[in-house]
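Source file run.txt; content: compact mmCIF, C-alpha atoms.
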```txt
# COMPACT_ATOMS: atom_id res chain seq x y z
CA MET A 1 19.03 8.69 -2.09
CA THR A 2 17.51 9.27 -5.56
CA LYS A 3 16.03 12.71 -5.99
CA GLU A 4 14.86 15.10 -8.66
CA GLU A 5 14.50 18.88 -8.75
CA ILE A 6 10.93 20.07 -9.24
CA THR A 7 8.91 23.19 -8.44
CA LEU A 8 6.00 23.89 -6.08
CA VAL A 9 3.98 27.09 -5.79
CA ASP A 10 4.62 29.58 -3.00
CA ALA A 11 1.18 30.25 -1.53
CA MET A 12 1.90 33.93 -0.76
CA SER A 13 3.58 35.07 -3.97
CA LYS A 14 1.83 32.50 -6.24
CA ARG A 15 5.17 31.94 -7.94
CA PRO A 16 7.07 28.66 -8.53
CA VAL A 17 9.70 27.72 -5.96
CA VAL A 18 12.36 25.05 -6.26
CA ALA A 19 11.74 21.83 -4.33
CA THR A 20 13.20 18.32 -4.23
CA LEU A 21 11.28 15.15 -5.01
CA TYR A 22 12.72 12.12 -3.20
CA LEU A 23 11.89 8.91 -5.03
CA GLU A 24 12.74 6.37 -2.35
CA LEU A 25 12.75 7.55 1.24
CA ALA A 26 14.35 5.47 3.98
CA PRO A 27 12.14 4.48 6.95
CA THR A 28 14.04 6.91 9.18
CA ALA A 29 12.91 9.81 6.98
CA LEU A 30 9.30 9.00 7.90
CA VAL A 31 10.13 9.07 11.59
CA ASP A 32 11.99 12.39 11.16
CA THR A 33 9.08 13.86 9.21
CA GLU A 34 6.50 12.77 11.76
CA ALA A 35 8.59 14.37 14.52
CA VAL A 36 7.97 17.71 12.76
CA TRP A 37 4.47 17.15 11.37
CA GLY A 38 2.94 15.48 14.43
CA PRO A 39 3.17 18.41 16.86
CA ALA A 40 2.18 20.89 14.12
CA ARG A 41 -0.85 18.76 13.23
CA VAL A 42 -1.99 18.41 16.81
CA ALA A 43 -1.50 22.14 17.50
CA ALA A 44 -3.49 23.10 14.40
CA ALA A 45 -6.25 20.61 15.20
CA ARG A 46 -6.42 21.82 18.80
CA SER A 47 -6.71 25.43 17.74
CA ARG A 48 -9.51 24.56 15.33
CA ALA A 49 -11.30 22.58 18.00
CA HIS A 50 -11.12 25.59 20.33
CA ALA A 51 -12.58 27.74 17.56
CA VAL A 52 -15.32 25.09 17.01
CA LEU A 53 -14.13 24.51 13.44
CA PRO A 54 -14.21 21.11 11.72
CA ILE A 55 -11.01 19.02 11.90
CA PRO A 56 -9.88 17.03 8.84
CA GLU A 57 -10.41 13.30 9.16
CA HIS A 58 -6.74 12.44 8.78
CA TRP A 59 -5.34 14.78 11.45
CA HIS A 60 -4.30 11.87 13.66
CA TRP A 61 -2.26 10.03 11.01
CA ASN A 62 1.20 9.12 12.13
CA TRP A 63 3.75 8.50 9.40
CA ALA A 64 6.25 7.05 11.86
CA THR A 65 3.95 4.01 12.23
CA LYS A 66 4.02 3.46 8.47
CA LYS A 67 7.75 2.91 8.22
CA ASP A 68 7.24 -0.83 8.64
CA HIS A 69 5.33 -0.87 5.34
CA LEU A 70 8.67 -0.21 3.68
CA ARG A 71 9.89 -3.65 4.74
CA LEU A 72 7.98 -4.94 1.75
CA LEU A 73 9.97 -4.58 -1.46
CA ALA A 74 6.85 -3.65 -3.41
CA ASN A 75 6.22 -0.62 -1.18
CA ARG A 76 7.92 2.71 -1.68
CA CYS A 77 7.65 6.11 -0.07
CA LEU A 78 8.17 9.34 -1.99
CA GLY A 79 8.45 12.80 -0.49
CA ILE A 80 8.73 16.45 -1.51
CA GLU A 81 11.06 18.71 0.42
CA CYS A 82 11.06 22.50 0.19
CA GLY A 83 12.67 25.05 2.47
CA GLY A 84 14.56 22.24 4.20
CA VAL A 85 11.36 20.57 5.43
CA MET A 86 9.25 17.70 4.05
CA GLN A 87 6.08 19.17 2.53
CA GLY A 88 4.31 16.01 1.34
CA LEU A 89 4.59 12.22 1.54
CA MET A 90 3.15 9.41 -0.58
CA MET A 91 3.28 5.66 0.02
CA ILE A 92 2.77 3.45 -3.03
CA ASN A 93 2.60 -0.26 -3.79
CA LEU A 94 3.64 -1.78 -7.11
CA ALA A 95 2.36 -5.33 -6.70
CA ARG A 96 -0.80 -5.65 -4.66
CA HIS A 97 -3.51 -4.26 -6.93
CA ALA A 98 -4.69 -4.69 -10.48
CA ALA A 99 -6.79 -2.34 -12.60
CA VAL A 100 -10.57 -2.86 -12.60
CA LEU A 101 -11.76 -0.49 -15.30
CA ASP A 102 -12.97 -2.47 -18.32
CA SER A 103 -10.32 -1.16 -20.70
CA ASP A 104 -7.46 -2.15 -18.38
CA ALA A 105 -9.00 -4.87 -16.19
CA GLY A 106 -6.45 -7.14 -14.56
CA LYS A 107 -3.46 -5.06 -15.66
CA PRO A 108 -0.90 -3.92 -13.08
CA LEU A 109 -1.00 -0.41 -11.69
CA VAL A 110 0.63 1.81 -9.11
CA TYR A 111 -1.59 1.79 -6.04
CA ILE A 112 -1.37 4.81 -3.74
CA ASP A 113 -1.74 3.62 -0.16
CA PHE A 114 -1.37 6.99 1.53
CA ILE A 115 -0.82 10.62 0.61
CA GLU A 116 -0.58 13.48 3.00
CA ASN A 117 0.30 17.15 2.89
CA ALA A 118 2.32 18.82 5.65
CA PRO A 119 -0.22 20.29 8.10
CA TRP A 120 0.88 23.91 7.38
CA ASN A 121 -0.09 23.49 3.71
CA LEU A 122 -3.71 22.63 4.41
CA LYS A 123 -6.38 25.28 4.16
CA SER A 124 -8.52 23.05 6.35
CA LEU A 125 -5.95 23.36 9.16
CA VAL A 126 -4.30 26.78 8.78
CA ASP A 127 -5.45 30.18 7.53
CA GLU A 128 -2.35 30.87 5.45
CA PRO A 129 -0.86 27.76 3.78
CA ARG A 130 2.83 27.88 2.78
CA TYR A 131 2.95 25.87 -0.45
CA PHE A 132 0.48 24.69 -3.08
CA GLY A 133 0.82 21.94 -5.66
CA ILE A 134 2.08 19.15 -3.41
CA GLY A 135 -0.83 16.84 -4.25
CA ILE A 136 -0.60 17.28 -8.01
CA ARG A 137 3.18 16.83 -7.93
CA LEU A 138 2.92 13.59 -5.93
CA PHE A 139 0.16 12.35 -8.23
CA GLU A 140 2.26 13.25 -11.29
CA ALA A 141 5.14 11.27 -9.76
CA ALA A 142 2.84 8.24 -9.33
CA VAL A 143 1.75 8.46 -12.99
CA MET A 144 5.35 8.81 -14.18
CA LEU A 145 6.46 5.92 -12.00
CA SER A 146 3.63 3.80 -13.43
CA THR A 147 4.75 4.75 -16.95
CA ASN A 148 8.38 3.92 -16.20
CA GLU A 149 7.38 0.56 -14.67
CA GLY A 150 5.56 -0.36 -17.86
CA PHE A 151 2.10 0.08 -16.30
CA HIS A 152 1.16 2.78 -18.87
CA GLY A 153 0.37 5.41 -16.25
CA ARG A 154 -2.35 3.37 -14.52
CA VAL A 155 -2.90 4.47 -10.91
CA GLY A 156 -5.44 3.41 -8.27
CA LEU A 157 -6.33 4.70 -4.81
CA HIS A 158 -9.05 4.86 -2.16
CA SER A 159 -9.81 8.49 -1.40
CA LEU A 160 -11.04 10.00 1.82
CA PRO A 161 -14.38 11.73 1.05
CA PRO A 162 -13.08 15.34 1.25
CA SER A 163 -10.32 14.52 -1.26
CA GLU A 164 -12.61 13.03 -3.92
CA PRO A 165 -13.04 16.26 -5.96
CA PHE A 166 -9.28 16.61 -6.30
CA TYR A 167 -8.77 13.11 -7.71
CA GLU A 168 -11.81 13.21 -9.96
CA ARG A 169 -11.57 16.74 -11.37
CA THR A 170 -7.95 17.82 -11.06
CA CYS A 171 -6.33 14.44 -11.67
CA GLY A 172 -8.88 13.01 -14.12
CA MET A 173 -9.46 9.73 -12.29
CA THR A 174 -12.64 7.69 -12.63
CA LYS A 175 -14.67 7.18 -9.47
CA LEU A 176 -15.88 3.62 -8.96
CA ASP A 177 -17.91 1.96 -6.21
CA SER A 178 -17.30 2.25 -2.50
CA ASP A 179 -15.16 -0.58 -1.20
CA PRO A 180 -16.42 -2.44 1.90
CA ASP A 181 -12.87 -3.77 2.49
CA LYS A 182 -11.65 -0.16 2.74
CA GLU A 183 -14.15 1.22 5.21
CA ASP A 184 -16.48 2.07 2.32
CA LEU A 185 -14.07 4.58 0.81
CA ALA A 186 -14.61 5.14 -2.90
CA TYR A 187 -12.07 3.59 -5.28
CA PHE A 188 -10.57 5.81 -7.98
CA GLU A 189 -8.60 4.69 -11.00
CA LEU A 190 -6.62 6.42 -13.73
CA SER A 191 -6.88 4.36 -16.91
CA ARG A 192 -4.17 4.14 -19.55
CA ALA A 193 -6.13 6.56 -21.75
CA SER A 194 -6.73 9.01 -18.90
CA ALA A 195 -3.05 8.84 -17.95
CA ALA A 196 -2.11 9.75 -21.52
CA ALA A 197 -4.49 12.72 -21.36
CA PHE A 198 -3.10 13.79 -17.98
CA LEU A 199 0.49 13.69 -19.25
CA LYS A 200 -0.43 15.43 -22.50
CA GLY A 201 -1.95 18.26 -20.49
CA ARG A 202 1.49 19.07 -19.13
CA SER A 203 2.98 19.91 -22.52
CA MET B 1 16.90 4.80 -10.54
CA LYS B 2 16.62 7.10 -13.51
CA SER B 3 14.88 10.48 -13.45
CA LEU B 4 11.09 10.26 -13.40
CA GLY B 5 10.65 12.98 -15.99
CA MET B 6 8.58 15.46 -13.98
CA THR B 7 7.40 18.41 -16.03
CA THR B 8 9.01 21.84 -15.89
CA ASN B 9 5.90 23.49 -17.32
CA SER B 10 5.20 26.29 -14.79
CA GLU B 11 1.93 27.28 -16.43
CA TRP B 12 0.51 23.80 -15.98
CA LEU B 13 1.73 23.65 -12.38
CA LEU B 14 0.23 27.05 -11.48
CA ARG B 15 -3.11 26.05 -12.99
CA LYS B 16 -3.22 22.65 -11.29
CA ALA B 17 -1.94 24.04 -7.97
CA ASP B 18 -4.70 26.66 -8.09
CA GLU B 19 -7.29 23.89 -8.58
CA GLU B 20 -5.76 21.95 -5.71
CA ALA B 21 -5.51 24.91 -3.32
CA GLY B 22 -8.93 24.50 -1.73
CA CYS B 23 -8.91 20.70 -1.75
CA ASN B 24 -7.81 17.99 0.59
CA ILE B 25 -5.56 15.37 -0.95
CA SER B 26 -5.51 12.71 1.77
CA VAL B 27 -5.67 9.11 0.63
CA GLY B 28 -5.93 5.87 2.54
CA GLY B 29 -7.94 4.18 5.22
CA LEU B 30 -8.84 5.70 8.52
CA VAL B 31 -6.70 5.40 11.61
CA SER B 32 -7.68 1.81 12.34
CA LYS B 33 -5.96 0.74 9.14
CA LEU B 34 -2.72 2.50 9.91
CA ALA B 35 -1.29 0.25 12.57
CA ASN B 36 2.12 -1.34 12.26
CA ARG B 37 2.40 -4.45 10.17
CA PRO B 38 1.53 -7.15 12.70
CA ALA B 39 3.89 -9.92 13.66
CA THR B 40 2.60 -13.09 12.07
CA SER B 41 1.75 -15.78 14.53
CA ALA B 42 3.17 -19.25 13.99
CA ALA B 43 -0.41 -20.54 13.82
CA LYS B 44 -1.32 -18.24 10.95
CA ARG B 45 1.82 -19.17 9.06
CA LEU B 46 1.01 -22.83 9.53
CA ALA B 47 -2.58 -22.27 8.42
CA PHE B 48 -1.33 -20.39 5.34
CA ARG B 49 0.97 -23.27 4.35
CA ARG B 50 -1.67 -25.94 4.97
CA LEU B 51 -4.32 -23.97 3.10
CA ILE B 52 -2.22 -23.64 -0.04
CA SER B 53 -1.23 -27.27 0.02
CA LEU B 54 -4.73 -28.68 0.63
CA ARG B 55 -6.42 -26.32 -1.83
CA ARG B 56 -3.91 -27.17 -4.55
CA ARG B 57 -4.41 -30.90 -3.97
CA ASP B 58 -8.18 -30.45 -3.77
CA LEU B 59 -8.09 -28.83 -7.22
CA GLY B 60 -5.93 -31.70 -8.49
CA LEU B 61 -2.96 -29.48 -9.30
CA SER B 62 0.67 -30.44 -9.03
CA ILE B 63 3.13 -27.80 -7.84
CA GLU B 64 4.48 -27.70 -11.38
CA GLU B 65 1.02 -27.00 -12.81
CA LEU B 66 0.38 -24.33 -10.20
CA SER B 67 3.69 -22.74 -11.14
CA GLN B 68 2.72 -22.68 -14.83
CA MET B 69 -0.73 -21.24 -14.14
CA SER B 70 0.35 -18.59 -11.66
CA GLY B 71 3.72 -17.61 -13.06
CA ALA B 72 5.27 -18.16 -9.62
CA SER B 73 8.57 -20.02 -9.39
CA LEU B 74 8.65 -23.67 -8.31
CA LEU B 75 10.97 -22.78 -5.44
CA ASP B 76 8.63 -20.09 -4.14
CA LEU B 77 5.68 -22.49 -4.27
CA ILE B 78 7.54 -25.26 -2.48
CA ARG B 79 8.69 -22.81 0.19
CA ALA B 80 5.18 -21.35 0.49
CA GLU B 81 3.85 -24.83 1.32
CA ARG B 82 6.68 -26.18 3.42
CA ASP B 83 9.10 -23.54 4.70
CA GLU B 84 7.94 -22.11 8.00
CA ASP B 85 10.42 -19.20 7.72
CA PHE B 86 9.28 -18.21 4.24
CA GLU B 87 7.82 -14.69 4.03
CA PRO B 88 5.84 -14.52 0.78
CA GLU B 89 5.81 -11.33 -1.23
CA PRO B 90 2.40 -9.73 -1.85
CA ARG B 91 2.57 -10.55 -5.57
CA LEU B 92 2.93 -14.28 -4.82
CA VAL B 93 0.02 -14.23 -2.38
CA TYR B 94 -2.21 -12.54 -4.95
CA GLN B 95 -1.14 -14.98 -7.66
CA LEU B 96 -1.98 -17.93 -5.41
CA ALA B 97 -5.29 -16.42 -4.32
CA ARG B 98 -6.29 -15.92 -7.96
CA ILE B 99 -5.44 -19.44 -9.16
CA LEU B 100 -6.65 -21.24 -6.05
CA LYS B 101 -9.86 -19.13 -5.99
CA LEU B 102 -9.36 -17.92 -2.44
CA PRO B 103 -10.21 -14.44 -1.05
CA ASP B 104 -7.07 -12.34 -1.48
CA ALA B 105 -7.68 -10.05 1.52
CA LYS B 106 -7.90 -13.03 3.89
CA MET B 107 -4.87 -14.65 2.28
CA MET B 108 -2.90 -11.45 2.87
CA GLN B 109 -3.93 -11.56 6.51
CA LEU B 110 -2.91 -15.21 6.88
CA ALA B 111 0.43 -14.47 5.23
CA GLY B 112 1.00 -11.64 7.71
CA LEU B 113 0.95 -8.94 5.03
CA SER B 114 -2.03 -7.07 6.45
CA ALA B 115 -3.79 -6.82 9.77
CA ALA B 116 -6.84 -8.99 10.43
CA ASN B 117 -9.81 -6.85 11.33
CA GLU B 118 -12.04 -9.68 12.54
CA GLN B 119 -11.91 -10.87 16.10
CA GLY B 120 -11.21 -14.58 16.35
CA PHE B 121 -9.49 -14.81 12.96
CA GLY B 122 -6.37 -16.24 14.63
CA ASP B 123 -8.40 -18.86 16.54
CA ILE B 124 -10.15 -20.00 13.39
CA ALA B 125 -6.79 -20.28 11.62
CA VAL B 126 -5.43 -22.41 14.48
CA ARG B 127 -8.47 -24.70 14.37
CA PHE B 128 -8.08 -25.12 10.62
CA ALA B 129 -4.35 -25.89 10.96
CA ALA B 130 -5.08 -28.48 13.66
CA ARG B 131 -7.95 -30.15 11.78
CA SER B 132 -6.03 -30.28 8.53
CA GLU B 133 -3.19 -32.31 9.99
CA PRO B 134 -3.13 -35.81 8.41
CA VAL B 135 -4.49 -38.65 10.60
CA GLU B 136 -3.15 -41.64 8.65
CA ARG B 137 -1.53 -44.29 10.82
CA LEU B 138 2.23 -44.24 11.00
CA THR B 139 4.23 -46.60 8.88
CA PRO B 140 6.27 -49.14 10.91
CA THR B 141 9.44 -47.14 10.17
CA GLU B 142 7.86 -43.88 11.32
CA HIS B 143 6.50 -45.61 14.45
CA GLU B 144 9.92 -46.99 15.27
CA ALA B 145 11.58 -43.57 14.81
CA LEU B 146 8.95 -41.94 17.01
CA GLU B 147 9.28 -44.49 19.78
CA GLU B 148 13.01 -44.08 19.71
CA PHE B 149 12.80 -40.28 19.98
CA VAL B 150 10.20 -40.36 22.77
CA LYS B 151 12.38 -42.81 24.66
CA PHE B 152 15.31 -40.45 24.26
CA LEU B 153 13.25 -37.55 25.59
CA ALA B 154 12.14 -39.56 28.61
CA GLU B 155 15.68 -40.46 29.65
```

Take the structure from the file and write it as structure tokens.
Amino acid sequence: MTKEEITLVDAMSKRPVVATLYLELAPTALVDTEAVWGPARVAAARSRAHAVLPIPEHWHWNWATKKDHLRLLANRCLGIECGGVMQGLMMINLARHAAVLDSDAGKPLVYIDFIENAPWNLKSLVDEPRYFGIGIRLFEAAVMLSTNEGFHGRVGLHSLPPSEPFYERTCGMTKLDSDPDKEDLAYFELSRASAAAFLKGRS
Amino acid sequence: MKSLGMTTNSEWLLRKADEEAGCNISVGGLVSKLANRPATSAAKRLAFRRLISLRRRDLGLSIEELSQMSGASLLDLIRAERDEDFEPEPRLVYQLARILKLPDAKMMQLAGLSAANEQGFGDIAVRFAARSEPVERLTPTEHEALEEFVKFLAE
């Protein structure tokens, strides 16, 4: 399995911690991950419901059901492991979508089908998250993958409403119209120029 | 696969992670979109093959011309029209949808690459497949072969 050493941020100490980025997870890894995440997600959601607190929209996602997406060659699942446990997962597609922004219209991009954080890293689910930086690391991986594929860093995705500020402000994506084919979720795209700016910001 | 080239810049990570800390990052459709990839019915596969073939002929395109316009291989196009076991890749379906001016989301559903979210989609596909079957009279040779086979079945 191809992997790369990266760092996340320990939420308590606010210091970098070593983690592993897996670039091509096998379907069984999704099932194994869901076996750990599922009960933790349900327990956290139940405790919030008892406390009459809002529950994130995605709490019922089940990654084990997504393993069949990997039967398609153009689909790939990446994951970040830290402390021996998967902390974040991302499913991408390299063939299905093309860019729509004027400057890149019709050009290929990396489309992010799904991203999720482990339930214990979400402030919306737990009072004391364990790790920060999972989202930005997965997004960085998508941009790098797009660059390596010759797509010049172009990335597209449909964001759930509570995640929109992260993709617009932190990742530098452009928000476009809501998409009726995607339950009216807003479409976000990282253009070639924005990808260059995102990558330059790392140096 | 070579290394992706993820940054080792801790300062950048700390800053971005701090921005991310209060945010959700979830992406994708809601739970209704997250079902398993459906098994493709034989009727939908048939409708997919007939649709490509009829649309191509309706536009006056040969398979060779369609191949040149779409960038798809001749073999893939022939299999897409005639091979009932052929499972097209998403890229091919999108290429065909673009050139043949057909809605790509519906084409993906017909090809079994995404779930249909309209009730009755399968029934409509079956009706199309049935109506699009040729009704020309059999040639004498075809008639003879048919009679012979039916006779064999009846024995």

Quote the spacing between CA of Ser10 (chain B) and CA of Glu168 (chain A) in Å to one decimal place.
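Interatomic distance, CA of Ser10 (chain B) to CA of Glu168 (chain A): 22.0 Å.
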
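Of note, CA of Lys101 (chain B) and CA of Ile63 (chain B) are spaced 15.7 Å apart.
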
A:Leu199, A:Met12, A:Leu30, A:Ile80 ranked by distance to Arg137 (chain A), top pick (using all atoms listed in the file)
A:Ile80

Chain A residues within 6 Å of chain B, counting only C-alpha atoms: which ones, as a list of chain:residue names?
A:Thr65, A:Ala95, A:Arg96, A:Asp113, A:Phe114, A:Ile115, A:Glu116, A:Phe132, A:Gly133, A:Gly135, A:Met144, A:His158, A:Ser159, A:Leu160, A:Pro162, A:Ser163, A:Arg202

Find the distance between CA of Leu25 (chain A) and CA of Thr2 (chain A) and write it in Å to one decimal.
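Computing it gives 8.5 Å between the two atoms.
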
Spatial sel., origin (-5.6, -20.6, -5.9), limit 9 Å, only C-alpha atoms, listed as a list in words:
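Residues found, by chain and rising number: Ile52, Arg55, Arg56, Leu59, Leu66, Ser70, Tyr94, Gln95, Leu96, Ala97, Arg98, Ile99, Leu100, Lys101 and Leu102 of chain B.
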
Compare A:Ala26, A:Ala195, A:Cys82, A:Ala43 by their minimum atom-to-atom distance to Ala142 (chain A), counting only C-alpha atoms, and give me the closest one.
A:Ala195

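Counting only C-alpha atoms, the residue from A:Arg192, A:Leu157, A:His152, A:Val17 that sits nearest to Ser178 (chain A) is A:Leu157.
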